[in-house]
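Everything below concerns the one structure shown next.
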Amino acid sequence: MMEVSNLMREIPVLYPDDLVTKARKHLREDSFREIFVRNRDGSLAGYVDLSDVILVNDTKSNLEIRAFLHDAPVVHSDDSIEEALARIWNAQTDSVAVCSYSGELIGGVTLSALLPIIMSRQHPKGLVSEYMALPVVTCHPDDPLHAVYSTITESGFDALPVEDEDCRILGMISRKDLLIHGHIRRSIEAKHNTPVEYVMVTPAIITFGDDAIGDAAQAMIQHDVSRLPVIEQDGQIVGIVSRQDILNALELPGVVHAQKSE
């Protein structure tokens, strides 16, 4: 039986008294939306979130990480995939810390790594329309990249749909798209007016409200995306479904949830 240890990955070494700019650098460059922080004795101190630290400007660069710490969900390396997902769902995070039984922080596991495993074990029932979220935060093709990056980090969403003036889907833009190329990162940092259409991914991977939620999950796994815009037949965006929304359709230990309908 697969355990958390099979999916665990190393995390950067950060301490509460490190400067927040150090955490910001790792969060910009790493696939974690959260980074777990350890005390000097190796125990878990908590986690820092991208949306908290990314907006810390240089005039406040002397702030320490401890000012941004949140309580972190925890599993052990021999815990089940289901237990890890239940803790992520309860904490509403995108990852879970892995600690030894003595309390030492030894790694982390992301929701994106866990989702393919759980979907091979479960076949969730229901339609996308029952789990999709509203309202949808979107952007437009002529929006500057630096403004869209700010929206992504402030909202906590990993990706945004790009829509035309009639609210029809044109593409998607993700945090990964904005950070993967150095020249794009530099354009964002310099606040150039480079438009989103220069970077957005087309065609967008989409789903419909009457699609099965399990099919939406499989599309996320196949295309390695965190969110799918839900559209009408004419291309209008009517909702969005994320990996977190998929968790609401799964059977997880200790988690009781109802289907979403709004």
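Residues are named by chain letter and number: chains run A, B, ... in the order of the structure tokens, numbers start at 1 in each chain, and ligands are numbered from 1 in the order shown.
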
Taking only residues of segment 78-116 of chain A that have an atom at most 12 Å from an atom of segment 216-221 of chain A, what is each one's shortest atom pair and its distance in Å to one decimal, using only C-alpha atoms, in chain and number order, as a tab-separated table?
residue	atom	partner	partner_atom	distance
A:Leu111	CA	A:Ile221	CA	11.0
A:Ser112	CA	A:Ile221	CA	7.9
A:Ala113	CA	A:Ile221	CA	9.2
A:Leu114	CA	A:Ile221	CA	10.2
A:Leu115	CA	A:Ile221	CA	7.4
A:Pro116	CA	A:Ile221	CA	6.2

**Message:** For segment 10-22 of chain A, find every residue with an atom within 7 Å (counting only C-alpha atoms), except residues of its own chain fewer than 6 positions away, and show them as a ChimeraX atom specification.
**Reply:** /A:37-40,53,61-66,107-108

Taking all heavy atoms for each residue, export the selection above as a short mmCIF file (atom, residue, chain, number, x, y, z; two decimals), in the first residue's frame.
data_model
loop_
_atom_site.label_atom_id
_atom_site.label_comp_id
_atom_site.auth_asym_id
_atom_site.auth_seq_id
_atom_site.Cartn_x
_atom_site.Cartn_y
_atom_site.Cartn_z
N VAL A 37 8.36 25.63 7.70
CA VAL A 37 9.46 26.27 8.42
C VAL A 37 9.78 25.43 9.65
O VAL A 37 8.88 24.97 10.34
CB VAL A 37 9.08 27.71 8.83
CG1 VAL A 37 10.22 28.39 9.58
CG2 VAL A 37 8.69 28.51 7.58
N ARG A 38 11.07 25.27 9.94
CA ARG A 38 11.47 24.46 11.09
C ARG A 38 12.13 25.33 12.16
O ARG A 38 12.73 26.36 11.85
CB ARG A 38 12.42 23.35 10.65
CG ARG A 38 13.78 23.81 10.18
CD ARG A 38 14.49 22.71 9.42
NE ARG A 38 13.89 22.53 8.11
CZ ARG A 38 13.97 21.39 7.42
NH1 ARG A 38 14.59 20.34 7.92
NH2 ARG A 38 13.42 21.30 6.22
N ASN A 39 11.98 24.91 13.40
CA ASN A 39 12.71 25.53 14.49
C ASN A 39 14.16 25.06 14.44
O ASN A 39 14.52 24.12 13.73
CB ASN A 39 12.08 25.16 15.83
CG ASN A 39 10.67 25.74 15.97
OD1 ASN A 39 10.45 26.93 15.79
ND2 ASN A 39 9.70 24.87 16.29
N ARG A 40 15.00 25.69 15.24
CA ARG A 40 16.41 25.34 15.23
C ARG A 40 16.66 23.91 15.70
O ARG A 40 17.70 23.32 15.37
CB ARG A 40 17.20 26.32 16.10
CG ARG A 40 17.25 27.75 15.54
CD ARG A 40 18.10 27.85 14.30
NE ARG A 40 18.03 29.17 13.68
CZ ARG A 40 18.74 29.53 12.62
NH1 ARG A 40 19.56 28.66 12.06
NH2 ARG A 40 18.62 30.74 12.12
N VAL A 53 3.68 36.57 1.75
CA VAL A 53 5.04 37.12 1.73
C VAL A 53 5.41 37.78 0.41
O VAL A 53 6.34 38.58 0.36
CB VAL A 53 6.08 36.04 2.07
CG1 VAL A 53 5.75 35.39 3.39
CG2 VAL A 53 6.19 34.99 0.97
N SER A 61 12.05 44.63 4.26
CA SER A 61 12.81 43.41 4.05
C SER A 61 13.48 42.88 5.31
O SER A 61 14.02 41.78 5.30
CB SER A 61 13.88 43.63 2.97
OG SER A 61 14.76 44.68 3.36
N ASN A 62 13.44 43.66 6.39
CA ASN A 62 14.04 43.18 7.64
C ASN A 62 13.05 42.37 8.48
O ASN A 62 13.39 41.92 9.57
CB ASN A 62 14.57 44.36 8.46
CG ASN A 62 13.47 45.34 8.86
OD1 ASN A 62 12.44 45.39 8.21
ND2 ASN A 62 13.71 46.09 9.91
N LEU A 63 11.83 42.17 7.98
CA LEU A 63 10.86 41.36 8.71
C LEU A 63 11.29 39.91 8.73
O LEU A 63 11.84 39.39 7.75
CB LEU A 63 9.49 41.48 8.05
CG LEU A 63 8.73 42.80 8.23
CD1 LEU A 63 7.47 42.79 7.39
CD2 LEU A 63 8.38 43.02 9.69
N GLU A 64 11.01 39.24 9.83
CA GLU A 64 11.36 37.83 9.95
C GLU A 64 10.18 36.94 9.56
O GLU A 64 9.02 37.35 9.62
CB GLU A 64 11.80 37.51 11.39
CG GLU A 64 13.08 38.23 11.80
CD GLU A 64 13.50 37.88 13.22
OE1 GLU A 64 12.70 37.27 13.96
OE2 GLU A 64 14.64 38.22 13.59
N ILE A 65 10.50 35.72 9.19
CA ILE A 65 9.48 34.77 8.76
C ILE A 65 8.45 34.52 9.85
O ILE A 65 7.26 34.31 9.57
CB ILE A 65 10.15 33.44 8.34
CG1 ILE A 65 10.87 33.62 6.99
CG2 ILE A 65 9.14 32.31 8.26
CD1 ILE A 65 11.68 32.42 6.56
N ARG A 66 8.86 34.59 11.11
CA ARG A 66 7.95 34.28 12.22
C ARG A 66 6.70 35.16 12.19
O ARG A 66 5.65 34.76 12.69
CB ARG A 66 8.68 34.44 13.56
CG ARG A 66 9.04 35.85 13.94
CD ARG A 66 9.65 35.91 15.35
NE ARG A 66 11.04 35.49 15.35
CZ ARG A 66 11.47 34.35 15.85
NH1 ARG A 66 10.62 33.49 16.37
NH2 ARG A 66 12.76 34.04 15.81
N GLY A 107 9.98 16.65 5.48
CA GLY A 107 9.62 16.88 4.09
C GLY A 107 8.21 17.40 3.95
O GLY A 107 7.59 17.83 4.92
N GLY A 108 7.71 17.34 2.73
CA GLY A 108 6.35 17.79 2.46
C GLY A 108 5.76 17.03 1.28
O GLY A 108 6.49 16.43 0.49
#

**Request:** If you run DSSP over the backbone, which residues in segment 129-184 of chain A end up alpha helix (DSSP H)? Put them as a PyMOL selection string.
**Result:** chain A and resi 145-155+175-179+182-184

Can you write out the residues you just picked, keeping C-alpha atoms, as a CSV table (one decimal), in the first residue's frame?
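Output saved as again-v2.csv:
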chain,number,residue,atom,x,y,z
A,145,LEU,CA,1.5,40.7,-16.7
A,146,HIS,CA,2.6,42.4,-13.5
A,147,ALA,CA,-1.0,43.2,-12.6
A,148,VAL,CA,-2.2,39.7,-13.3
A,149,TYR,CA,0.7,38.3,-11.2
A,150,SER,CA,-0.4,40.5,-8.3
A,151,THR,CA,-4.0,39.2,-8.7
A,152,ILE,CA,-2.8,35.6,-8.7
A,153,THR,CA,-0.7,36.1,-5.5
A,154,GLU,CA,-3.2,38.2,-3.7
A,155,SER,CA,-6.2,35.9,-4.5
A,175,ARG,CA,1.7,31.4,-11.8
A,176,LYS,CA,4.0,28.8,-13.3
A,177,ASP,CA,3.6,30.4,-16.8
A,178,LEU,CA,4.7,33.7,-15.3
A,179,LEU,CA,7.7,32.4,-13.4
A,182,GLY,CA,13.5,34.6,-16.7
A,183,HIS,CA,12.6,37.3,-19.2
A,184,ILE,CA,8.9,37.1,-18.1

**Prompt:** Which residues in segment 100-136 of chain A does DSSP call strand (DSSP E or B)? List them as a list of chain:residue names.
**Reply:**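 After running DSSP on the backbone, segment 100-136 of chain A has strand (DSSP E or B) at A:Glu104, A:Leu105, A:Ile106, A:Gly107, A:Gly108, A:Val109, A:Thr110, A:Leu127, A:Ala133.
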
**Item:** Atom pair atom CA of His76 of chain A / atom CA of Ser242 of chain A: separation (Å)
**Value:**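 For atom CA of His76 of chain A relative to atom CA of Ser242 of chain A, the distance reads 25.8 Å.
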
**Prompt:** What does the distance from atom CA of Ile205 of chain A to atom CA of Arg227 of chain A come to in Å, to one decimal?
**Reply:** 8.9 Å

**Request:** Find the residue from A:Met2, A:Leu27, A:Ala133, A:Ala67 that sits nearest to Asp49 of chain A; use only C-alpha atoms when measuring.
**Result:** A:Leu27
